[in-house]
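Data block below; observations after.
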Amino acid sequence: MRKTTKVGKNIVKILMVFFVAFAFSGCYTVVWMPNQNTSDYLEQNNNNYYPENYYGDYYYYYDSPWWYPIISQNSATNSSASDRSKGTEFIRNREGGRGSDTRGGNFSPPLSGGTGEILTPAPPAVSNSTPDNNGKVESSKSSGSGSDSSNRSNNNNNRPARNDNGRNSNGRN
Amino acid sequence: MKNSYSYYAKLLVLFYSIFLVSNTYSQNYNDALRLGIPGLGSNARALGMGDSYIGLSDDDGAATFNPAGWALTKKLSISGGLGFDNFGNNTTFFGQSTNYSSTATRLNDLSFTLPFPTVRGSLVFAITYHTTKDLTSTLKFNGFNNGNNSFIQDLNSSTNIPYDLYLTDTNFVTPINGHLKQSGSILTSGELHDWTFSGAIEAYKNLFVGINLNFSSGSYNSNNNYYEDDTHNLYTSDTDPGNNNTYDFQTFYLNRILNWDISGWNAKFGVLYQIQDKARLGITVQFPKTYTVKETYDVNGYSQFANYTYNLDPTKYSDQVQYDIVTPYELSFGGSANFASLIVSAQATLIDYSQMQFQNASGLSTDYVNQANQQIKNVLRSVFNYNLGAEYTFPVIGVRLRAGYMVMPSAFQSDASTSNYDRKYVTFGVGYLAQGAVGFDLAYAHGFWKNFGDNYGTDVSRTFQNITKDKLILSMTYRF
């Protein structure tokens, strides 16, 4: 029993030396997580000792990681999700709202109402504002109006689906 | 006066019984060397390349050679193999030559490798069960020793065996004075297995480190039969005067059976650096292996006379002891270079056999253990083993041809002036890759060296041995 303990202690010492060495030096290896992309791996792991032109199938036998097809598939999955998102935006852009080229691509409030009065243009933060139940516009709590304006502009360009008919009407009325 | 003489004789018997019997067949440097000399490994590709594998080790050979090589493995893999060993010994004993051989076939290797998915670098774990050493050997001899010496006389100087077999009188005086036909055989079997748990990682770009934790088990059996026959009919009078049963001595027989139950552990640390896809350099440190040996030793024998046979009491000289054998550090370095389809590799290993030790003995006196350890330092030396190997790949057909050469110099200081006792191996191998995933490897090694042994004393009953060892490994690896 005493001897077993001694052996165990020796094993622990050797393992500690092994791992402490890495703790001080830092480790180059990064374990793949399911939400990571493969581009880093492809760039870093090109140390092939068995090039295909000289070793034929042995290249795949030694140097082709088993997890690469899985990671590739995962990345492909992530990419297609992004594409589908664009597709969704495309479809939602055709829900009867105003197209960007309907009026030259610029959002311009009408110059006059039915009575011929000149209406005050809508405040810039309108797209980041939330209308309350009374139709009042509540200002965005984001700091910096320039930033808000930019965000709105981006939103208008990238998420035109938010310019659907119902919401815009509510906001402006 | 007569009573006084008899009293001293009895005291002498008692002295022998207490102090000498237990030491007569005790442990020495040969026992330590049995476990200390490295085996041939269990990897077919490595063996085909002369076990020059520290600079490659990109498969389950990493369990034996360089644990850092595990980090070069990028596929899940399962491998297994069978090994065949043949030990041949052509012995010359007083001018007569005798051939004897012994074979063993066994499961050689089972391994599972698990490389973790990484976005950079490499992290691999593996578990391997493998045969690390074959302990099969054989020796047979037969010749007439015309000298004035015999094993009976040698035993009479330190044990009661001749006395117990009525080959002496009551005062331990024997009429036997050599000129006997001597014959016998020593047949040994056994092996060492390791369960190896491994981990390896790419610590920096192209720099790999790894560690193997080995838990060993094994067995060893030696069956030693020894005969001395009075073929020239020289001893016809009573060996124990006054006892007519001891008239006309014919044969003395001694059988010694040694059994070891072996367990132990050790660790091996390795580093491997790959240089621009063209070469690899490796360094390994094998920490001392501590083997615990549970030993049983059984002694049987008889003396045969014209009309009577005396048998030895088997319980009197048999015993059970336990001790540790600690092997030395092994420091290895080597490399491989890749020239298109040709890989060449070389390595050297420093082993200081004089560092071996007996420890933690139970059933052996501390003084004896100290003497045995001192004897190791006096008799053994440090050596450089070296290995060379090459492999050529025919990419179109997926076939690889290998060849190698290795030398393990004799551990004895007295052998330093000659290479006759160095263990030399030439090796060959072939590999084939099927469907890009299943690798078959076959390796053959032929070893040859000289040795000598003494049945007793020094150079009075010596066997001169031409030893050959043939090893065949067939393995299959599936990578997926």
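If you're wondering about the labels, chains in the structure tokens are A, B, ... by order shown, residues count from 1 in each chain, ligands from 1 in order shown.
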
Taking only C-alpha atoms into account, find every residue of chain B that has an atom no more than 8 Å from chain A, and write it out as a tab-separated table (two decimals) with N, CA and C atoms, in the first residue's frame.
chain	number	residue	atom	x	y	z
B	58	ASP	N	4.88	8.45	-36.18
B	58	ASP	CA	3.57	9.02	-36.46
B	58	ASP	C	2.48	7.95	-36.55
B	72	LEU	N	1.40	13.75	-34.25
B	72	LEU	CA	1.40	13.78	-35.70
B	72	LEU	C	0.24	12.97	-36.28
B	73	THR	N	-0.47	12.29	-35.40
B	73	THR	CA	-1.58	11.47	-35.86
B	73	THR	C	-2.83	12.33	-36.01
B	74	LYS	N	-3.45	12.29	-37.17
B	74	LYS	CA	-4.58	13.16	-37.43
B	74	LYS	C	-5.87	12.39	-37.69
B	75	LYS	N	-5.79	11.08	-37.58
B	75	LYS	CA	-6.99	10.28	-37.81
B	75	LYS	C	-7.24	9.37	-36.62
B	76	LEU	N	-8.50	9.09	-36.38
B	76	LEU	CA	-8.83	8.03	-35.44
B	76	LEU	C	-8.27	6.74	-36.00
B	116	PHE	N	-7.85	14.89	-31.00
B	116	PHE	CA	-8.92	15.84	-30.77
B	116	PHE	C	-8.99	16.82	-31.94
B	117	PRO	N	-10.19	17.21	-32.37
B	117	PRO	CA	-10.29	18.23	-33.41
B	117	PRO	C	-9.69	19.54	-32.93
B	118	THR	N	-8.86	20.12	-33.75
B	118	THR	CA	-8.22	21.38	-33.37
B	118	THR	C	-8.34	22.38	-34.52
B	119	VAL	N	-8.38	23.65	-34.19
B	119	VAL	CA	-8.33	24.67	-35.23
B	119	VAL	C	-6.89	25.10	-35.46
B	120	ARG	N	-6.04	24.74	-34.50
B	120	ARG	CA	-4.62	24.99	-34.67
B	120	ARG	C	-3.86	23.99	-33.81
B	121	GLY	N	-2.76	23.48	-34.36
B	121	GLY	CA	-1.96	22.54	-33.60
B	121	GLY	C	-2.56	21.15	-33.56
B	122	SER	N	-2.21	20.42	-32.50
B	122	SER	CA	-2.62	19.02	-32.43
B	122	SER	C	-2.70	18.59	-30.97
B	123	LEU	N	-3.70	17.80	-30.67
B	123	LEU	CA	-3.86	17.22	-29.33
B	123	LEU	C	-4.37	15.80	-29.50
B	201	ILE	N	0.90	16.80	-27.68
B	201	ILE	CA	0.35	18.09	-28.09
B	201	ILE	C	1.39	18.83	-28.93
B	202	GLU	N	0.89	19.69	-29.83
B	202	GLU	CA	1.79	20.56	-30.58
B	202	GLU	C	1.98	21.81	-29.72
B	203	ALA	N	3.13	21.92	-29.09
B	203	ALA	CA	3.37	22.99	-28.12
B	203	ALA	C	3.67	24.31	-28.81
B	204	TYR	N	4.30	24.24	-29.93
B	204	TYR	CA	4.56	25.40	-30.76
B	204	TYR	C	4.51	24.91	-32.20
B	205	LYS	N	4.47	25.81	-33.14
B	205	LYS	CA	4.32	25.36	-34.51
B	205	LYS	C	5.44	24.38	-34.88
B	206	ASN	N	5.05	23.18	-35.26
B	206	ASN	CA	5.95	22.10	-35.66
B	206	ASN	C	6.79	21.53	-34.52
B	211	ILE	N	3.95	12.34	-23.78
B	211	ILE	CA	4.36	11.51	-22.64
B	211	ILE	C	3.62	10.18	-22.70
B	267	ALA	N	7.70	6.02	-17.09
B	267	ALA	CA	7.21	7.08	-17.97
B	267	ALA	C	8.28	7.41	-19.01
B	276	GLN	N	10.30	22.10	-41.79
B	276	GLN	CA	9.82	22.43	-43.13
B	276	GLN	C	9.39	21.22	-43.95
B	277	ASP	N	8.66	20.34	-43.38
B	277	ASP	CA	8.12	19.18	-44.10
B	277	ASP	C	9.19	18.27	-44.68
B	278	LYS	N	10.44	18.53	-44.34
B	278	LYS	CA	11.53	17.76	-44.94
B	278	LYS	C	12.23	16.84	-43.97
B	338	ASN	N	13.26	13.39	-45.37
B	338	ASN	CA	12.35	12.97	-46.42
B	338	ASN	C	12.87	13.46	-47.78
B	340	ALA	N	11.83	13.17	-51.33
B	340	ALA	CA	10.77	12.74	-52.24
B	340	ALA	C	10.11	11.50	-51.65
B	341	SER	N	10.22	10.34	-52.30
B	341	SER	CA	9.54	9.14	-51.81
B	341	SER	C	10.40	8.32	-50.87
B	393	THR	N	8.61	4.59	-50.86
B	393	THR	CA	7.19	4.45	-51.18
B	393	THR	C	6.97	4.49	-52.69
B	394	PHE	N	6.22	3.53	-53.17
B	394	PHE	CA	5.75	3.55	-54.56
B	394	PHE	C	4.33	4.10	-54.54
B	395	PRO	N	4.18	5.40	-54.83
B	395	PRO	CA	2.89	6.05	-54.57
B	395	PRO	C	1.73	5.49	-55.39
B	396	VAL	N	2.00	5.05	-56.60
B	396	VAL	CA	0.90	4.62	-57.47
B	396	VAL	C	0.25	3.35	-56.95
B	398	GLY	N	0.81	2.10	-53.80
B	398	GLY	CA	0.63	2.13	-52.34
B	398	GLY	C	1.50	1.16	-51.57
B	433	LEU	N	-1.07	-0.07	-48.51
B	433	LEU	CA	-2.23	0.72	-48.09
B	433	LEU	C	-3.41	0.38	-49.00
B	436	GLY	N	-6.93	3.50	-49.11
B	436	GLY	CA	-6.52	4.74	-48.46
B	436	GLY	C	-6.75	4.77	-46.96
B	437	ALA	N	-7.19	3.66	-46.39
B	437	ALA	CA	-7.55	3.70	-44.97
B	437	ALA	C	-7.00	2.51	-44.18
B	479	ARG	N	-7.43	3.51	-40.28
B	479	ARG	CA	-7.57	4.94	-39.94
B	479	ARG	C	-8.85	5.47	-40.56
B	480	PHE	N	-9.63	6.17	-39.76
B	480	PHE	CA	-10.90	6.66	-40.28
B	480	PHE	C	-11.20	8.05	-39.75

- Excluding Tyr291 in chain B and any residue of its chain fewer than 4 positions from it, enumerate the residues within 8 Å of it, using only C-alpha atoms, and give them as a PyMOL selection string. chain B and resi 216+262-265+324-326

- Query: Mind checking DSSP for range 86-300 of chain B and telling me the strand (DSSP E) residues as number ranges by chain?
  - Reply: B: 86-93, 96-116, 118-120, 123-134, 137-145, 180-204, 207-229, 249-275, 279-286, 290-300

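Rounded to one decimal, CA of Ala445 in chain B and CA of Gly389 in chain B lie 12.3 Å from each other.
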
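Proximity to range 182-188 of chain B at 6 Å, evaluated using only C-alpha atoms and with sequence-adjacent residues fewer than 2 positions away removed, yields Thr136, Ser137, Thr138, Leu139, Lys140, Phe141, Asn142, Gly143, Phe144, Asn221, Ser222, Asn223, Asn224, Asn225, Tyr226, Tyr227 and Glu228 of chain B.
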
Please produce a file of those selected residues containing C-alpha atoms, as a short mmCIF file (atom, residue, chain, number, x, y, z; two decimals), in the first residue's frame.
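Final output, saved to part_21.cif:
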data_model
loop_
_atom_site.label_atom_id
_atom_site.label_comp_id
_atom_site.auth_asym_id
_atom_site.auth_seq_id
_atom_site.Cartn_x
_atom_site.Cartn_y
_atom_site.Cartn_z
CA THR B 136 12.29 -16.57 -24.99
CA SER B 137 15.71 -18.14 -25.16
CA THR B 138 17.28 -21.55 -25.29
CA LEU B 139 20.55 -23.35 -24.67
CA LYS B 140 21.57 -26.97 -24.98
CA PHE B 141 25.01 -28.42 -24.37
CA ASN B 142 26.66 -31.78 -24.21
CA GLY B 143 30.37 -32.55 -23.75
CA PHE B 144 33.02 -34.28 -21.73
CA ASN B 221 10.07 -18.94 -16.66
CA SER B 222 13.42 -20.67 -16.80
CA ASN B 223 13.78 -24.43 -16.76
CA ASN B 224 17.37 -25.51 -16.24
CA ASN B 225 18.28 -29.19 -16.49
CA TYR B 226 21.82 -30.22 -15.70
CA TYR B 227 23.47 -33.64 -15.76
CA GLU B 228 26.89 -35.01 -14.83
#

- Message: Please list as a PyMOL selection string every residue within 8 Å of Val460 in chain B, counting only C-alpha atoms and excluding residues in the same chain fewer than 3 positions away.
- Response: chain B and resi 147+149+454+456-457

Find the residues around Ala63 in chain B up to 12 Å (only C-alpha atoms counted), leave out those fewer than 6 positions away in its own chain, and share them as a PDB file with C-alpha atoms, in the first residue's frame.
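Written out: part15.pdb:
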ATOM      1  CA  GLY B  41       9.186  -3.110 -29.876  1.00  0.00           C
ATOM      2  CA  SER B  42       5.896  -4.093 -31.406  1.00  0.00           C
ATOM      3  CA  ASN B  43       5.516  -1.816 -34.419  1.00  0.00           C
ATOM      4  CA  ALA B  46       9.460   0.647 -37.033  1.00  0.00           C
ATOM      5  CA  TYR B  53      11.794   5.540 -35.279  1.00  0.00           C
ATOM      6  CA  ILE B  54      12.297   8.387 -32.844  1.00  0.00           C
ATOM      7  CA  SER B  57       6.704   7.825 -34.639  1.00  0.00           C
ATOM      8  CA  GLY B  69       4.882  11.332 -32.408  1.00  0.00           C
ATOM      9  CA  TRP B  70       1.300  10.781 -31.286  1.00  0.00           C
ATOM     10  CA  ALA B  71       0.692  14.473 -32.028  1.00  0.00           C
ATOM     11  CA  ASP B 109      -0.119  -4.948 -30.250  1.00  0.00           C
ATOM     12  CA  LEU B 110      -3.550  -3.380 -29.816  1.00  0.00           C
ATOM     13  CA  SER B 111      -3.941   0.353 -30.012  1.00  0.00           C
ATOM     14  CA  PHE B 112      -6.567   3.071 -30.222  1.00  0.00           C
ATOM     15  CA  THR B 113      -5.716   6.653 -31.129  1.00  0.00           C
ATOM     16  CA  PHE B 125      -4.608  10.784 -26.685  1.00  0.00           C
ATOM     17  CA  ALA B 126      -4.020   7.079 -27.124  1.00  0.00           C
ATOM     18  CA  ILE B 127      -4.120   3.797 -25.313  1.00  0.00           C
ATOM     19  CA  THR B 128      -1.961   0.875 -26.315  1.00  0.00           C
ATOM     20  CA  TYR B 129      -1.441  -2.666 -25.160  1.00  0.00           C
ATOM     21  CA  HIS B 130       1.773  -4.028 -26.542  1.00  0.00           C
ATOM     22  CA  THR B 131       4.457  -6.622 -26.026  1.00  0.00           C
ATOM     23  CA  THR B 132       7.631  -4.773 -25.163  1.00  0.00           C
ATOM     24  CA  HIS B 193       3.524  -6.291 -21.768  1.00  0.00           C
ATOM     25  CA  ASP B 194       2.775  -2.652 -21.329  1.00  0.00           C
ATOM     26  CA  TRP B 195      -0.484  -0.811 -21.005  1.00  0.00           C
ATOM     27  CA  THR B 196       0.531   2.586 -22.285  1.00  0.00           C
ATOM     28  CA  PHE B 197      -1.553   5.707 -21.751  1.00  0.00           C
ATOM     29  CA  SER B 198      -0.366   8.543 -23.931  1.00  0.00           C
ATOM     30  CA  GLY B 199      -0.927  12.213 -24.501  1.00  0.00           C
ATOM     31  CA  ALA B 200       0.775  14.519 -26.977  1.00  0.00           C
ATOM     32  CA  GLY B 210       4.286  13.873 -25.542  1.00  0.00           C
ATOM     33  CA  ILE B 211       4.361  11.509 -22.644  1.00  0.00           C
ATOM     34  CA  ASN B 212       3.738   7.793 -22.241  1.00  0.00           C
ATOM     35  CA  LEU B 213       2.780   6.261 -18.925  1.00  0.00           C
ATOM     36  CA  ASN B 214       3.538   2.559 -19.038  1.00  0.00           C
ATOM     37  CA  PHE B 215       2.156  -0.015 -16.669  1.00  0.00           C
ATOM     38  CA  ALA B 267       7.213   7.076 -17.969  1.00  0.00           C
ATOM     39  CA  LYS B 268       8.711   8.278 -21.201  1.00  0.00           C
ATOM     40  CA  PHE B 269       8.892  11.870 -22.324  1.00  0.00           C
ATOM     41  CA  GLY B 270       9.494  12.858 -25.920  1.00  0.00           C
ATOM     42  CA  THR B 284      13.251  11.073 -25.710  1.00  0.00           C
ATOM     43  CA  GLN B 286      12.843   7.171 -20.643  1.00  0.00           C
TER      44      GLN B 286
END
